[in-house]
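Okay, input-v8.cif now, which holds mmCIF, N, CA and C atoms:
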```
data_model
#
loop_
_atom_site.label_atom_id
_atom_site.label_comp_id
_atom_site.auth_asym_id
_atom_site.auth_seq_id
_atom_site.Cartn_x
_atom_site.Cartn_y
_atom_site.Cartn_z
N MET A 1 14.09 -83.06 4.12
CA MET A 1 15.38 -83.55 3.70
C MET A 1 16.10 -84.23 4.87
N LEU A 2 15.98 -83.63 6.05
CA LEU A 2 16.65 -84.20 7.20
C LEU A 2 16.04 -85.55 7.58
N ASN A 3 14.76 -85.74 7.29
CA ASN A 3 14.13 -87.03 7.56
C ASN A 3 14.74 -88.14 6.72
N LEU A 4 15.17 -87.82 5.51
CA LEU A 4 15.84 -88.83 4.68
C LEU A 4 17.18 -89.22 5.28
N VAL A 5 17.89 -88.26 5.84
CA VAL A 5 19.17 -88.55 6.47
C VAL A 5 18.96 -89.40 7.72
N TYR A 6 17.88 -89.15 8.45
CA TYR A 6 17.59 -89.93 9.65
C TYR A 6 17.32 -91.39 9.32
N ARG A 7 16.91 -91.72 8.13
CA ARG A 7 16.57 -93.09 7.75
C ARG A 7 17.78 -93.95 7.38
N ILE A 8 18.95 -93.34 7.25
CA ILE A 8 20.17 -94.11 7.00
C ILE A 8 20.44 -94.91 8.27
N PRO A 9 20.67 -96.23 8.15
CA PRO A 9 20.65 -97.10 9.32
C PRO A 9 21.48 -96.65 10.53
N LEU A 10 22.76 -96.47 10.42
CA LEU A 10 23.56 -96.16 11.59
C LEU A 10 23.87 -94.67 11.70
N VAL A 11 24.15 -94.05 10.58
CA VAL A 11 24.51 -92.64 10.57
C VAL A 11 23.33 -91.77 10.98
N GLY A 12 22.14 -92.14 10.58
CA GLY A 12 20.95 -91.36 10.92
C GLY A 12 20.72 -91.25 12.41
N LEU A 13 21.01 -92.31 13.13
CA LEU A 13 20.87 -92.28 14.58
C LEU A 13 21.83 -91.28 15.20
N PHE A 14 23.07 -91.27 14.73
CA PHE A 14 24.05 -90.34 15.27
C PHE A 14 23.71 -88.90 14.93
N ILE A 15 23.25 -88.66 13.70
CA ILE A 15 22.92 -87.30 13.30
C ILE A 15 21.68 -86.81 14.04
N ARG A 16 20.71 -87.69 14.25
CA ARG A 16 19.52 -87.30 15.01
C ARG A 16 19.89 -86.91 16.44
N SER A 17 20.77 -87.66 17.07
CA SER A 17 21.17 -87.32 18.43
C SER A 17 22.00 -86.03 18.46
N ALA A 18 22.74 -85.75 17.38
CA ALA A 18 23.51 -84.50 17.33
C ALA A 18 22.60 -83.30 17.12
N VAL A 19 21.54 -83.46 16.34
CA VAL A 19 20.64 -82.34 16.06
C VAL A 19 19.66 -82.12 17.20
N GLN A 20 19.07 -83.17 17.71
CA GLN A 20 18.01 -83.05 18.71
C GLN A 20 18.48 -83.33 20.13
N GLY A 21 19.70 -83.75 20.32
CA GLY A 21 20.17 -84.18 21.63
C GLY A 21 20.66 -83.04 22.49
N SER A 22 21.19 -83.42 23.64
CA SER A 22 21.71 -82.46 24.60
C SER A 22 23.12 -82.02 24.19
N TYR A 23 23.69 -81.17 25.02
CA TYR A 23 25.03 -80.67 24.76
C TYR A 23 26.04 -81.82 24.78
N ALA A 24 25.88 -82.76 25.69
CA ALA A 24 26.82 -83.88 25.79
C ALA A 24 26.77 -84.75 24.53
N GLU A 25 25.59 -84.94 23.96
CA GLU A 25 25.48 -85.74 22.73
C GLU A 25 26.11 -85.02 21.55
N ARG A 26 25.95 -83.71 21.51
CA ARG A 26 26.59 -82.93 20.43
C ARG A 26 28.11 -82.97 20.56
N LEU A 27 28.59 -82.86 21.78
CA LEU A 27 30.03 -82.93 22.01
C LEU A 27 30.57 -84.30 21.64
N ALA A 28 29.85 -85.35 22.00
CA ALA A 28 30.27 -86.71 21.64
C ALA A 28 30.28 -86.91 20.13
N PHE A 29 29.31 -86.33 19.43
CA PHE A 29 29.28 -86.42 17.97
C PHE A 29 30.50 -85.73 17.37
N ALA A 30 30.84 -84.54 17.86
CA ALA A 30 32.01 -83.82 17.35
C ALA A 30 33.30 -84.60 17.62
N ILE A 31 33.41 -85.19 18.81
CA ILE A 31 34.60 -85.98 19.13
C ILE A 31 34.68 -87.22 18.24
N ASN A 32 33.54 -87.84 17.95
CA ASN A 32 33.53 -89.01 17.06
C ASN A 32 33.94 -88.63 15.64
N ILE A 33 33.50 -87.47 15.16
CA ILE A 33 33.92 -87.02 13.82
C ILE A 33 35.42 -86.78 13.78
N LEU A 34 35.97 -86.13 14.82
CA LEU A 34 37.41 -85.91 14.87
C LEU A 34 38.18 -87.23 14.98
N ALA A 35 37.66 -88.18 15.75
CA ALA A 35 38.31 -89.48 15.87
C ALA A 35 38.28 -90.22 14.54
N PHE A 36 37.15 -90.15 13.83
CA PHE A 36 37.05 -90.78 12.52
C PHE A 36 38.06 -90.18 11.55
N PHE A 37 38.20 -88.86 11.58
CA PHE A 37 39.18 -88.19 10.72
C PHE A 37 40.60 -88.63 11.09
N GLY A 38 40.88 -88.73 12.37
CA GLY A 38 42.20 -89.18 12.81
C GLY A 38 42.49 -90.61 12.40
N ILE A 39 41.49 -91.48 12.49
CA ILE A 39 41.68 -92.86 12.05
C ILE A 39 41.93 -92.92 10.54
N CYS A 40 41.20 -92.10 9.79
CA CYS A 40 41.41 -92.07 8.34
C CYS A 40 42.82 -91.59 8.00
N VAL A 41 43.32 -90.61 8.74
CA VAL A 41 44.69 -90.14 8.51
C VAL A 41 45.69 -91.23 8.88
N ALA A 42 45.43 -91.96 9.95
CA ALA A 42 46.35 -93.02 10.36
C ALA A 42 46.37 -94.17 9.35
N VAL A 43 45.21 -94.46 8.75
CA VAL A 43 45.14 -95.58 7.81
C VAL A 43 45.62 -95.19 6.42
N PHE A 44 45.12 -94.04 5.92
CA PHE A 44 45.40 -93.67 4.53
C PHE A 44 46.52 -92.64 4.39
N GLY A 45 46.86 -91.96 5.46
CA GLY A 45 47.99 -91.05 5.43
C GLY A 45 47.62 -89.63 5.05
N TYR A 46 48.65 -88.91 4.61
CA TYR A 46 48.56 -87.49 4.31
C TYR A 46 47.53 -87.12 3.24
N PRO A 47 47.26 -87.95 2.24
CA PRO A 47 46.28 -87.57 1.22
C PRO A 47 44.88 -87.28 1.78
N VAL A 48 44.53 -87.86 2.92
CA VAL A 48 43.23 -87.57 3.53
C VAL A 48 43.12 -86.10 3.90
N ILE A 49 44.21 -85.54 4.42
CA ILE A 49 44.21 -84.12 4.80
C ILE A 49 44.08 -83.25 3.55
N ILE A 50 44.77 -83.63 2.48
CA ILE A 50 44.70 -82.85 1.24
C ILE A 50 43.31 -82.90 0.65
N VAL A 51 42.71 -84.08 0.59
CA VAL A 51 41.36 -84.22 0.03
C VAL A 51 40.34 -83.46 0.87
N ALA A 52 40.48 -83.53 2.19
CA ALA A 52 39.57 -82.78 3.07
C ALA A 52 39.70 -81.28 2.84
N ALA A 53 40.91 -80.79 2.67
CA ALA A 53 41.11 -79.36 2.40
C ALA A 53 40.52 -78.96 1.05
N LEU A 54 40.68 -79.81 0.04
CA LEU A 54 40.11 -79.50 -1.27
C LEU A 54 38.59 -79.52 -1.25
N VAL A 55 38.01 -80.45 -0.52
CA VAL A 55 36.54 -80.50 -0.41
C VAL A 55 36.02 -79.28 0.32
N MET A 56 36.68 -78.89 1.40
CA MET A 56 36.23 -77.71 2.14
C MET A 56 36.42 -76.43 1.33
N THR A 57 37.42 -76.40 0.47
CA THR A 57 37.59 -75.25 -0.41
C THR A 57 36.40 -75.12 -1.36
N ALA A 58 35.97 -76.23 -1.93
CA ALA A 58 34.81 -76.21 -2.83
C ALA A 58 33.54 -75.83 -2.08
N VAL A 59 33.39 -76.34 -0.85
CA VAL A 59 32.20 -76.02 -0.05
C VAL A 59 32.17 -74.54 0.29
N MET A 60 33.29 -74.00 0.74
CA MET A 60 33.32 -72.58 1.09
C MET A 60 33.14 -71.70 -0.13
N PHE A 61 33.70 -72.09 -1.26
CA PHE A 61 33.50 -71.32 -2.49
C PHE A 61 32.03 -71.28 -2.87
N THR A 62 31.35 -72.42 -2.74
CA THR A 62 29.92 -72.47 -3.03
C THR A 62 29.13 -71.59 -2.06
N ILE A 63 29.48 -71.61 -0.80
CA ILE A 63 28.79 -70.78 0.19
C ILE A 63 29.01 -69.30 -0.11
N ILE A 64 30.24 -68.92 -0.42
CA ILE A 64 30.52 -67.51 -0.72
C ILE A 64 29.78 -67.05 -1.95
N VAL A 65 29.77 -67.86 -3.00
CA VAL A 65 29.03 -67.49 -4.20
C VAL A 65 27.54 -67.41 -3.91
N GLY A 66 27.01 -68.32 -3.12
CA GLY A 66 25.60 -68.29 -2.77
C GLY A 66 25.22 -67.06 -1.97
N VAL A 67 26.04 -66.69 -1.02
CA VAL A 67 25.76 -65.51 -0.19
C VAL A 67 25.83 -64.23 -1.02
N THR A 68 26.85 -64.14 -1.85
CA THR A 68 26.98 -62.90 -2.63
C THR A 68 25.98 -62.82 -3.77
N SER A 69 25.50 -63.94 -4.26
CA SER A 69 24.53 -63.87 -5.36
C SER A 69 23.13 -63.58 -4.86
N GLN A 70 22.86 -63.76 -3.58
CA GLN A 70 21.54 -63.45 -3.05
C GLN A 70 21.25 -61.96 -3.17
N ALA A 71 22.26 -61.14 -3.08
CA ALA A 71 22.06 -59.70 -3.22
C ALA A 71 21.65 -59.35 -4.65
N LEU A 72 22.13 -60.11 -5.61
CA LEU A 72 21.76 -59.85 -7.00
C LEU A 72 20.31 -60.20 -7.27
N TRP A 73 19.83 -61.29 -6.66
CA TRP A 73 18.46 -61.76 -6.93
C TRP A 73 17.42 -61.03 -6.12
N SER A 74 17.81 -60.40 -5.00
CA SER A 74 16.81 -59.75 -4.16
C SER A 74 16.47 -58.35 -4.61
N ARG A 75 17.25 -57.76 -5.49
CA ARG A 75 16.98 -56.40 -5.97
C ARG A 75 15.82 -56.40 -6.94
N SER A 76 14.97 -55.45 -6.80
CA SER A 76 13.86 -55.32 -7.75
C SER A 76 14.24 -54.29 -8.80
N VAL A 77 13.91 -54.60 -10.02
CA VAL A 77 14.22 -53.69 -11.13
C VAL A 77 13.02 -52.79 -11.36
N ASP A 78 13.24 -51.49 -11.29
CA ASP A 78 12.13 -50.53 -11.51
C ASP A 78 12.08 -50.07 -12.93
#
```
Structure encoded using structure tokens:
Amino acid sequence: MLNLVYRIPLVGLFIRSAVQGSYAERLAFAINILAFFGICVAVFGYPVIIVAALVMTAVMFTIIVGVTSQALWSRSVD
């Protein structure tokens, strides 16, 4: 799956350097993501923060449901 992401022309290069690169490359990737978020807030305004919060709420809800449901599927019924 990660190989498919690496094939995206410009984004794949950045993600590959963040995953396989040194600490400095990972730090630069994180700073670039924060800068991109800041530019989006400057251009589009407050709704970007609201949409980001709503997306992260859905992501965390999915993660919590996934983690808690693993206990249900791992039990064997005797």
**Request:** Return the single residue from A:Ala52, A:Val65, A:Ala58, A:Phe29 that is closest to Ser17 of chain A, with distances computed using all atoms listed in the file.
**Result:**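 The closest residue to Ser17 of chain A is A:Phe29.
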**Prompt:** Suppose you want the space between atom N of Val51 of chain A and atom N of Phe36 of chain A; what is it in Å?
**Reply:**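 Atom N of Phe36 of chain A lies 15.6 Å from atom N of Val51 of chain A.
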Quick one: what's the axis-aligned box for segment 15-24 of chain A, all listed atoms, 8 Å on every side, centre and edges in Å to one decimal, as lines of an AutoDock Vina configuration file?
```
center_x = 22.4
center_y = -84.7
center_z = 19.5
size_x = 24.8
size_y = 24.0
size_z = 28.5
```
**Message:** Between atom CA of Gly38 of chain A and atom CA of Arg7 of chain A, what is the distance in Å, rounded to a tenth?
**Reply:**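 Computed distance, atom CA of Gly38 of chain A to atom CA of Arg7 of chain A, equals 26.4 Å.
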**Request:** Quote the spacing between atom N of Ala30 of chain A and atom N of Ala18 of chain A in Å to one decimal place.
**Result:**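 Atom N of Ala18 of chain A lies at a distance of 8.2 Å from atom N of Ala30 of chain A.
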**Polymer residues at most 12 Å from Ile33 of chain A, only C-alpha atoms, same-chain spacing of 6 or more positions, as a ChimeraX atom specification** = /A:11,14-15,18,26-27,39-40
**Request:** Just the helix (DSSP H, G or I) stuff from chain A, please, per backbone DSSP, written as a ChimeraX atom specification.
**Result:** /A:2-6,11-20,23-44,47-74
